[in-house]
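Report on the following structure.
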Amino acid sequence: MEKGLCHAGKIIRCGYDDNPRSSMFTIAHRGIMDRFDALTSFVAVADRRGFAAAARALGTSPPAVTRAVAALERHLGVTLFHRSTRAVSLTDEGLAFLDRARRILADLREAEQIAMGGRSVPRGQLYVTAPVMFGKLHVLPTISALLARYDGLNARMMLVDRNVRIVEEGIDVAVRIGALADSALRVVPIGSVQQTIVASPAYLAEHGTPMVPTDLERHRCIACNGVRDGSNWRFGAAGDAIVKIAPRLTINTIDGTIAAAEAGSGLANVLSYQAAAAIGAGRLVPVLAEHAPRPIPITLLYEAGRGAMPAVRIFIEAMRESAREGAWL
């Protein structure tokens, strides 16, 4: 004869001889995992602005994602999404809940990784953020090599030219270029890059080569609306000699800025790794190198608790090895 126990709409059968503590643990465990599945679905829908897109990302069906989010809304007693035939958007309650949901999922993943910490082989997902161009050139190859080496490892990359909230967004490791604000995060230096003023050989042949920073005032310059100085170009060891340029052309991406410089549109202010390929191929020529400010540090940032995760450890070591080999000098 069996007895039935109901939890969250599910009936679990166990015999009278079963251990009741074990049965209750099984029931509670299933309920907790259902909740985490619902949180995962909620975050996926919020990130991808749709149930179908979230389902594709999670490898499940849209009805399953819809049911999971609906169950979470019933549990919380609030509506998390505005739904229409054309769009899905967060309600005020959903927006307020999103950061907390991300943190809960990140904490669970971190706990799982730490529990596996005794293993030398990394498993699970590694979440890394980096500037767009540096990420494509120098982080992606490292990630790809690790994925080829470790079958149990997955990775997610966020390539953006802005500083993201590492803890709130569940980032494992962030690659940062530039001075850091004080924080409780762990910091691993992995080298530096240099401000580099470049122009095409054709431009310099026609307009001459600037010999001192103030010569830029009579040159055509290309400004980049990015995270650096824009139209205020810094020189001198301390970076306190500022030349305000009057750009003939303003572009919002580094790729576009370098392409414009190669086309002869003027001088561009970029970082050494960004122009390295074009300089090496002779498409661009560096100028004013002796007036450049001191090198700009590249660092890895991570939360202290994540240092025990095998995936974090091997990624940091791989990036340090690339730095020792001078990958981005």
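Starting from 1 in every chain, residues are counted up; chains themselves are A, B, ... following the order of the structure tokens, and ligands are numbered from 1 as listed.
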Contacts of Gly170 of chain A within 7 Å, only C-alpha atoms, excl. fewer than 6 positions in-chain, as an MDAnalysis selection string: chainID A and resid 102:103 106
Which of segment 82-237 of chain A DSSP labels strand (DSSP E), written as a PyMOL selection string: chain A and resi 82-83+88-90+124-130+153-159+173-177+186-193+195-199+221-224+232-235
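Of the residues listed (A:Ala179, A:Leu58, A:Leu95, A:Ala145), A:Ala179 shows the shortest atom-to-atom separation from Thr299 of chain A; distances use only C-alpha atoms.
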Go through segment 121-177 of chain A residue by residue and, counting only C-alpha atoms, keep those with an atom at most 12 Å from segment 271-284 of chain A; for each kept residue give the shortest atom pair and its distance in Å to one decimal, ordered by chain and increasing number, as a Markdown table.
```
| residue | atom | partner | partner_atom | distance |
| --- | --- | --- | --- | --- |
| A:Pro131 | CA | A:Gln274 | CA | 11.2 |
| A:Val132 | CA | A:Gln274 | CA | 10.6 |
| A:Met133 | CA | A:Gln274 | CA | 7.1 |
| A:Phe134 | CA | A:Gln274 | CA | 7.6 |
| A:Gly135 | CA | A:Gln274 | CA | 11.1 |
| A:Lys136 | CA | A:Gln274 | CA | 10.7 |
| A:Leu137 | CA | A:Tyr273 | CA | 8.7 |
| A:His138 | CA | A:Tyr273 | CA | 9.4 |
| A:Ile177 | CA | A:Leu271 | CA | 10.1 |
```
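Of the residues in segment 179-238 of chain A, those given alpha helix (DSSP H) by DSSP on the backbone are Pro201, Ala202, Tyr203, Leu204, Ala205, Glu206 and His207 of chain A.
Of the listed residues A:Ala54, A:Ala263, A:Cys224, A:Ile316, the one whose atoms come nearest to Ala202 of chain A is A:Ala263, with distances taken using only C-alpha atoms.
Shortest atom-to-atom contact with Val173 of chain A among A:Leu80, A:Ala57, A:Val139, A:Leu39: A:Val139, counting only C-alpha atoms.
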